[in-house]
Structures are given as structure tokens and as C-alpha cells.
>>> print(open('structure.cif').read())   # mmCIF, C-alpha atoms
data_query
loop_
_atom_site.label_atom_id
_atom_site.label_comp_id
_atom_site.auth_asym_id
_atom_site.auth_seq_id
_atom_site.Cartn_x
_atom_site.Cartn_y
_atom_site.Cartn_z
CA MET A 295 116.66 46.28 -31.89
CA VAL A 296 115.53 47.12 -28.36
CA PHE A 297 111.86 46.48 -27.56
CA MET A 298 110.29 49.70 -26.33
CA LYS A 299 107.21 49.93 -24.15
CA ALA A 300 105.00 52.97 -23.87
CA ALA A 301 106.47 53.78 -20.48
CA LEU A 302 108.21 56.50 -18.53
CA TYR A 303 111.89 55.53 -18.54
CA LEU A 304 114.00 56.91 -15.69
CA ILE A 305 117.44 57.43 -17.25
CA PRO A 306 120.54 57.79 -15.03
CA GLY A 307 123.22 60.16 -16.25
CA LYS A 308 126.90 60.51 -15.46
CA LEU A 309 128.01 61.94 -12.10
CA GLY A 310 130.72 64.13 -13.60
CA GLU A 311 132.22 65.31 -16.86
CA SER A 312 135.29 63.07 -16.60
CA SER A 313 133.26 59.89 -16.22
CA GLU A 314 133.47 57.51 -19.16
CA LEU A 315 129.91 56.93 -20.34
CA GLU A 316 130.37 53.25 -21.17
CA SER A 317 131.99 52.54 -17.81
CA VAL A 318 129.05 53.75 -15.70
CA ILE A 319 125.93 53.14 -17.81
CA PRO A 320 125.01 49.72 -19.30
CA ALA A 321 125.06 49.49 -23.09
CA ASN A 322 121.46 48.24 -23.18
CA ASN A 323 120.31 51.42 -21.45
CA LEU A 324 122.06 53.55 -24.03
CA GLU A 325 120.22 51.66 -26.78
CA ILE A 326 116.91 52.33 -25.01
CA VAL A 327 117.65 56.06 -24.83
CA LYS A 328 118.41 56.14 -28.56
CA ASN A 329 114.78 55.14 -29.19
CA ILE A 330 113.21 57.91 -27.08
CA ARG A 331 112.28 61.27 -28.58
CA HIS A 332 110.38 62.92 -25.73
CA PHE A 333 112.16 63.88 -22.53
CA ILE A 334 111.41 65.51 -19.19
CA VAL A 335 114.68 67.12 -18.11
CA GLU A 336 116.23 69.09 -15.31
CA SER A 337 117.90 71.32 -17.90
CA ARG A 338 117.75 71.12 -21.68
CA LYS A 339 121.43 72.00 -22.10
CA CYS A 340 122.65 69.10 -19.93
CA ALA A 341 120.18 66.71 -21.53
CA VAL A 342 121.30 67.55 -25.07
CA ARG A 343 124.96 67.19 -24.07
CA PHE A 344 124.22 63.73 -22.64
CA LEU A 345 122.29 62.60 -25.73
CA ILE A 346 125.04 63.79 -28.09
CA GLU A 347 127.58 61.89 -26.01
CA ILE A 348 125.49 58.74 -26.45
CA ASP A 349 125.29 59.31 -30.20
CA ARG A 350 126.90 62.28 -31.95
CA ASP A 351 124.13 61.98 -34.58
CA PHE A 352 121.28 61.87 -32.06
CA PRO A 353 118.30 63.60 -33.76
CA VAL A 354 117.97 66.35 -31.14
CA ASP A 355 115.90 68.49 -33.51
CA GLN A 356 113.25 65.75 -33.57
CA CYS A 357 113.03 65.63 -29.78
CA THR A 358 110.85 67.45 -27.30
CA PHE A 359 112.28 68.65 -23.98
CA THR A 360 110.10 69.69 -21.07
CA GLU A 361 112.04 71.23 -18.20
CA LEU A 362 111.12 70.18 -14.67
CA SER A 363 113.60 71.61 -12.20
CA GLU A 364 113.90 73.10 -8.73
CA HIS A 365 112.78 76.37 -10.31
CA THR A 366 109.47 74.89 -11.51
CA ASP A 367 106.63 76.34 -9.46
CA GLU A 368 105.29 73.76 -7.03
CA LYS A 369 101.78 74.83 -8.03
CA ALA A 370 102.52 74.56 -11.77
CA ASP A 371 99.97 72.54 -13.75
CA LEU A 372 101.79 69.39 -14.90
CA LYS A 373 98.77 67.61 -16.33
CA GLY A 374 100.11 67.74 -19.88
CA ILE A 375 103.70 66.82 -19.09
CA LEU A 376 103.06 63.15 -19.95
CA SER A 377 100.95 63.82 -23.05
CA TRP A 378 103.29 61.90 -25.40
CA LEU A 379 103.23 58.88 -23.12
CA GLU A 380 99.44 58.99 -22.97
CA LYS A 381 99.48 58.86 -26.78
CA GLY A 382 101.53 55.65 -26.65
CA GLU A 383 105.02 57.12 -27.12
CA PRO A 384 107.83 56.24 -24.68
CA MET A 385 109.18 59.13 -22.62
CA GLY A 386 112.37 59.58 -20.63
CA VAL A 387 113.23 61.49 -17.46
CA LEU A 388 116.77 62.90 -17.27
CA SER A 389 118.50 64.53 -14.32
CA ASP A 390 121.56 66.74 -14.74
CA ALA A 391 123.58 64.05 -12.93
CA GLY A 392 122.95 60.60 -11.52
CA CYS A 393 119.55 59.03 -11.02
CA PRO A 394 116.43 61.06 -11.80
CA ALA A 395 113.72 61.38 -9.13
CA VAL A 396 116.20 60.74 -6.27
CA GLY A 397 116.95 64.07 -4.64
CA ASP A 398 115.65 65.43 -7.93
CA PRO A 399 112.45 67.20 -9.10
CA GLY A 400 111.79 64.47 -11.66
CA SER A 401 109.91 62.65 -8.92
CA ARG A 402 106.91 64.87 -9.66
CA ALA A 403 106.63 63.36 -13.14
CA VAL A 404 106.90 59.85 -11.71
CA GLU A 405 104.20 60.60 -9.15
CA LEU A 406 101.91 61.82 -11.93
CA ALA A 407 102.60 58.72 -14.03
CA HIS A 408 101.44 56.50 -11.18
CA LYS A 409 98.31 58.59 -10.70
CA LYS A 410 97.53 58.10 -14.40
CA ASN A 411 98.29 54.36 -14.17
CA LEU A 412 101.16 54.66 -16.64
CA GLU A 413 104.10 52.28 -16.54
CA VAL A 414 107.37 53.49 -14.97
CA ILE A 415 110.67 51.76 -15.79
CA PRO A 416 113.82 52.69 -13.81
CA LEU A 417 117.07 52.01 -15.64
CA THR A 418 120.37 50.99 -14.08
CA GLY A 419 123.07 53.59 -13.56
CA PRO A 420 125.23 55.46 -11.04
CA ASN A 421 123.66 56.80 -7.85
CA SER A 422 126.03 58.82 -5.71
CA MET A 423 124.07 58.31 -2.49
CA ILE A 424 123.99 54.52 -2.69
CA MET A 425 127.61 54.35 -3.87
CA ALA A 426 128.66 56.59 -0.97
CA VAL A 427 126.95 54.28 1.53
CA MET A 428 128.63 51.29 -0.12
CA ALA A 429 132.07 52.88 0.18
CA SER A 430 131.71 54.43 3.65
CA GLY A 431 131.85 51.33 5.83
CA PHE A 432 128.75 52.60 7.65
CA ASN A 433 125.42 50.91 8.33
CA GLY A 434 123.93 50.04 4.94
CA GLN A 435 120.74 48.55 6.37
CA ASN A 436 119.52 51.69 8.08
CA PHE A 437 120.35 55.04 6.51
CA ALA A 438 118.65 58.32 5.69
CA PHE A 439 119.30 60.86 2.95
CA ASN A 440 118.61 64.39 4.21
CA GLY A 441 119.28 66.45 1.11
CA TYR A 442 120.65 69.94 1.71
CA LEU A 443 121.07 71.19 5.27
CA PRO A 444 120.19 74.76 6.28
CA VAL A 445 122.63 77.39 5.03
CA LYS A 446 122.30 79.88 7.90
CA ASN A 447 124.79 79.65 10.76
CA GLY A 448 123.15 78.33 13.88
CA GLU A 449 120.43 76.52 11.96
CA ARG A 450 122.99 74.34 10.22
CA GLU A 451 124.79 73.41 13.44
CA ALA A 452 121.46 72.62 15.09
CA LYS A 453 120.49 70.32 12.22
CA ILE A 454 123.84 68.52 12.34
CA ARG A 455 123.45 67.92 16.07
CA GLN A 456 119.93 66.63 15.48
CA LEU A 457 121.16 64.18 12.83
CA GLU A 458 124.07 63.09 15.00
CA THR A 459 121.74 62.42 17.94
CA ARG A 460 119.44 60.41 15.69
CA MET A 461 122.43 58.49 14.30
CA TYR A 462 123.55 57.40 17.77
CA ARG A 463 120.04 56.69 19.01
CA GLU A 464 118.76 54.75 15.98
CA ASN A 465 122.02 53.27 14.65
CA GLN A 466 121.24 55.07 11.40
CA THR A 467 123.75 56.39 8.87
CA GLN A 468 122.99 60.01 8.00
CA LEU A 469 123.71 61.37 4.50
CA PHE A 470 123.49 64.93 3.20
CA ILE A 471 124.83 67.05 0.37
CA GLU A 472 125.99 70.59 -0.24
CA THR A 473 126.49 72.92 -3.18
CA PRO A 474 130.12 72.26 -4.24
CA TYR A 475 131.35 75.80 -3.55
CA ARG A 476 130.17 75.40 0.07
CA ASN A 477 131.73 71.96 0.61
CA GLU A 478 134.71 73.30 2.54
CA LYS A 479 132.43 75.33 4.82
CA MET A 480 130.35 72.20 5.46
CA PHE A 481 133.50 70.23 6.29
CA GLU A 482 134.65 72.90 8.77
CA THR A 483 131.20 73.04 10.38
CA LEU A 484 131.10 69.26 10.81
CA LEU A 485 134.50 69.23 12.52
CA LYS A 486 133.40 72.04 14.80
CA THR A 487 129.98 70.57 15.62
CA CYS A 488 130.25 66.76 15.78
CA ARG A 489 131.64 64.66 18.60
CA LEU A 490 135.29 63.68 18.26
CA GLU A 491 134.39 59.99 18.10
CA THR A 492 131.77 60.43 15.35
CA LYS A 493 132.88 58.96 12.04
CA LEU A 494 132.71 61.20 8.98
CA CYS A 495 132.92 59.94 5.41
CA ILE A 496 133.44 62.31 2.52
CA ALA A 497 132.59 60.80 -0.87
CA ALA A 498 133.33 63.33 -3.61
CA GLY A 499 133.55 63.10 -7.38
CA ILE A 500 132.31 59.51 -7.41
CA THR A 501 133.13 57.66 -10.68
CA THR A 502 135.21 60.62 -11.96
CA GLU A 503 138.95 61.18 -12.24
CA SER A 504 138.81 63.38 -9.12
CA GLN A 505 137.11 60.71 -6.97
CA PHE A 506 137.90 61.07 -3.26
CA ILE A 507 136.40 58.75 -0.63
CA LYS A 508 137.71 58.69 2.93
CA THR A 509 136.26 57.71 6.31
CA LYS A 510 137.82 58.92 9.56
CA THR A 511 136.69 59.97 13.00
CA VAL A 512 136.21 63.70 13.47
CA ALA A 513 139.28 63.64 15.73
CA LYS A 514 141.38 62.10 12.95
CA TRP A 515 140.05 64.54 10.36
CA LYS A 516 141.17 67.41 12.58
CA GLU A 517 144.71 66.02 12.46
CA SER A 518 144.66 65.50 8.67
CA PRO A 519 145.21 67.85 5.73
CA LYS A 520 142.00 69.46 4.54
CA PRO A 521 140.49 67.49 1.63
CA GLN A 522 140.43 69.37 -1.68
CA ILE A 523 136.70 69.19 -2.39
CA GLY A 524 135.93 72.85 -3.04
CA LYS A 525 134.38 72.41 -6.50
CA ILE A 526 133.46 68.73 -6.53
CA PRO A 527 129.95 67.30 -5.92
CA ALA A 528 130.16 65.49 -2.59
CA ILE A 529 128.16 63.33 -0.22
CA PHE A 530 128.77 63.73 3.51
CA LEU A 531 127.98 60.81 5.82
CA ILE A 532 128.17 60.51 9.59
CA TYR A 533 127.94 57.37 11.73
CA LYS A 534 128.89 56.23 15.17
#
>>> encode(input="structure.cif", output="C-alpha cells")
Amino acid sequence: MVFMKAALYLIPGKLGESSELESVIPANNLEIVKNIRHFIVESRKCAVRFLIEIDRDFPVDQCTFTELSEHTDEKADLKGILSWLEKGEPMGVLSDAGCPAVGDPGSRAVELAHKKNLEVIPLTGPNSMIMAVMASGFNGQNFAFNGYLPVKNGEREAKIRQLETRMYRENQTQLFIETPYRNEKMFETLLKTCRLETKLCIAAGITTESQFIKTKTVAKWKESPKPQIGKIPAIFLIYK
């Protein structure tokens, strides 16, 4: 029996459908999740799928799910979102993939928990950003995650040049992500915009059957076949 505190548990999920649950998430964490009935989730559908994968008999009908996503109004009143925790019941935060509250709206719930002096417990699990840094060969002591870059032409190129300049000046690895269907456009823009000597790592489908992780200079990428990353979640990293 796992001892449960009245705390906000931050529960990492899988990074892709083909990941084996037991291979990426510790068994003890799965036991903790089995004892939680109140969840703050990015989407209810993904959360239920994850819980059923943990235990096909998970009592979903006995659970509460409060959605907190990118579509949640920034001015929305979240005062009651931790009501179960304030009553002494453990609560969990679930992202659609990977670690909640990292590049994820769940951070708003965590911020509120600290304001209310409620305990927060992060659980171990896959994090695509950290794993990408690990596998890139780039500076792992000084790096920055920049989220999504601008979509508009011109603005995107300007942001890439800004990050590249910062990377050379501060010896800082720069990470960013893109919506999977725009990955190939991002790749083409990077080759067009970055210096030939700049190193580019593409880390896609981490922990899944379609995992692809390669680091090359921009010059070498231009000579190589285009990576097949059109529909796969990917992290892009640049370094000198």
C-alpha cells in the first residue's frame, strides 16, 4: 500500500502512443496514481486513456476531472480548482504528454498550490526537453527552452537569428518546439536561416518506436536526406 499525502502530485505521462508505460514511468508512480481520484488535466480524453492504461479497471466514474489547458482563459477564476486538496484529498495534475507544468498550463495550478501553502510533489517520468539535451551533445549546464517560435514568416527567422546570436554569445543551448505538422517547415527555415557551422539537433518521437535523434551542422544537414518528422512531436536544439 502506497502512503498518500494530501498533496498536489505532478504526474508525468507518456511521450507517444507507442511508448511502453512500464518502460518510461516507475512502478511506484503508477501505484500512487491508482490512489488519486481528483485530477487537473490538459484534456479529459487523454487523461482517461492514460488512467485506463495504468489499470483497465480504474474507477473513472468515481473521479473528477478539471480541465486546465491552453484554451483556459488567463483571467479565469481558479480559486476552487484545488478544493479537494484543501479538504485533505490528494490531487493529481496530468498533461497530455510528458511532464505537467513544463511548457504546460498545469503550472497555473502549481502556482496556486504554493500560494495556498499546499504541498506539491513532482513524480519521476519522461521529459522530452531534458532528454533532448541529454542526447544532443550540447551544453547541458546552460540551456534555455523557448517554447513555440513565431509562426509568421519574417518573425520566425528574426527569432531564430536572435536565439542563434544568444547561443554564440552566452554559450547557451537553445531549445524550441513546433506543432508536428509544421516540423518540416521549421527544419527548412532553420537550414535557410542559421549559419552553416551552427549545430542543429532534431530529437523527435523520444521514447517511442519512431524515435529519431541526430546532431549535425547546418551544412551537413543540407547534404543529408530530409528527416521524416512531419507528424512526430519534436524538439529542435541549436548550439555552436
>>> residues_around(input="structure.cif", residues="range 309-319 of chain A", least_positions_apart="3", cutoff="12 Å", atoms="only C-alpha atoms", output="PyMOL selection string")
chain A and resi 305-306+322-327+340+343-349+389-394+417-423+425+498-505+525-529
>>> closest_residue(input="structure.cif", among="A:Gly382, A:Phe506, A:Leu362, A:Ile532", to="Gln456 in chain A", atoms="all atoms listed in the file")
A:Ile532
>>> resolve_selection(input="structure.cif", expression="the PyMOL selection byres ((chain A and resi 397-400) around 7)", output="MDAnalysis selection string")
chainID A and resid 362:364 387 394:396 401:404 441
>>> residues_around(input="structure.cif", residues="Lys299 in chain A", least_positions_apart="6", cutoff="9 Å", atoms="all atoms listed in the file", output="list of chain:residue names")
A:Gly382, A:Glu383, A:Pro384, A:Glu413
>>> atom_distance(input="structure.cif", atom1="CA of Thr358 in chain A", atom2="CA of Pro320 in chain A")
24.1 Å
>>> residues_around(input="structure.cif", residues="range 492-494 of chain A", least_positions_apart="4", cutoff="9 Å", atoms="all atoms listed in the file", output="PyMOL selection string")
chain A and resi 430+432+458+484-485+488+508-513+515+530-534
>>> resolve_selection(input="structure.cif", expression="the PyMOL selection byres ((chain A and resi 461) around 10)", output="MDAnalysis selection string")
chainID A and resid 436:438 455:460 462:468 492 532:534
>>> write_last_selection(input="structure.cif", atoms="C-alpha atoms", output="PDB file, in the frame of the given file")
ATOM      1  CA  ASN A 436     119.520  51.690   8.080  1.00  0.00           C
ATOM      2  CA  PHE A 437     120.350  55.040   6.510  1.00  0.00           C
ATOM      3  CA  ALA A 438     118.650  58.320   5.690  1.00  0.00           C
ATOM      4  CA  ARG A 455     123.450  67.920  16.070  1.00  0.00           C
ATOM      5  CA  GLN A 456     119.930  66.630  15.480  1.00  0.00           C
ATOM      6  CA  LEU A 457     121.160  64.180  12.830  1.00  0.00           C
ATOM      7  CA  GLU A 458     124.070  63.090  15.000  1.00  0.00           C
ATOM      8  CA  THR A 459     121.740  62.420  17.940  1.00  0.00           C
ATOM      9  CA  ARG A 460     119.440  60.410  15.690  1.00  0.00           C
ATOM     10  CA  TYR A 462     123.550  57.400  17.770  1.00  0.00           C
ATOM     11  CA  ARG A 463     120.040  56.690  19.010  1.00  0.00           C
ATOM     12  CA  GLU A 464     118.760  54.750  15.980  1.00  0.00           C
ATOM     13  CA  ASN A 465     122.020  53.270  14.650  1.00  0.00           C
ATOM     14  CA  GLN A 466     121.240  55.070  11.400  1.00  0.00           C
ATOM     15  CA  THR A 467     123.750  56.390   8.870  1.00  0.00           C
ATOM     16  CA  GLN A 468     122.990  60.010   8.000  1.00  0.00           C
ATOM     17  CA  THR A 492     131.770  60.430  15.350  1.00  0.00           C
ATOM     18  CA  ILE A 532     128.170  60.510   9.590  1.00  0.00           C
ATOM     19  CA  TYR A 533     127.940  57.370  11.730  1.00  0.00           C
ATOM     20  CA  LYS A 534     128.890  56.230  15.170  1.00  0.00           C
TER      21      LYS A 534
END
>>> atom_distance(input="structure.cif", atom1="CA of Lys328 in chain A", atom2="CA of Val342 in chain A")
12.3 Å
>>> closest_residue(input="structure.cif", among="A:Leu490, A:Ala321, A:Leu388, A:Val427", to="Gly307 in chain A", atoms="all atoms listed in the file")
A:Leu388
>>> axis_aligned_box(input="structure.cif", around="range 375-392 of chain A", padding_each_side="3 Å", output="AutoDock Vina command-line options")
--center_x 111.5 --center_y 61.2 --center_z -19.3 --size_x 30.1 --size_y 17.2 --size_z 21.6
>>> atom_distance(input="structure.cif", atom1="CA of Tyr442 in chain A", atom2="CA of Glu478 in chain A")
14.5 Å
>>> closest_residue(input="structure.cif", among="A:Ile523, A:Leu304, A:Ile507, A:Val354", to="Pro474 in chain A", atoms="only C-alpha atoms")
A:Ile523
>>> closest_residue(input="structure.cif", among="A:Asn411, A:Gln522, A:Ser337, A:Thr483", to="Ala497 in chain A", atoms="only C-alpha atoms")
A:Gln522
>>> resolve_selection(input="structure.cif", expression="the PyMOL selection byres ((chain A and resi 301) around 7)", output="PyMOL selection string")
chain A and resi 299-300+302-303+379+384-385+412-415
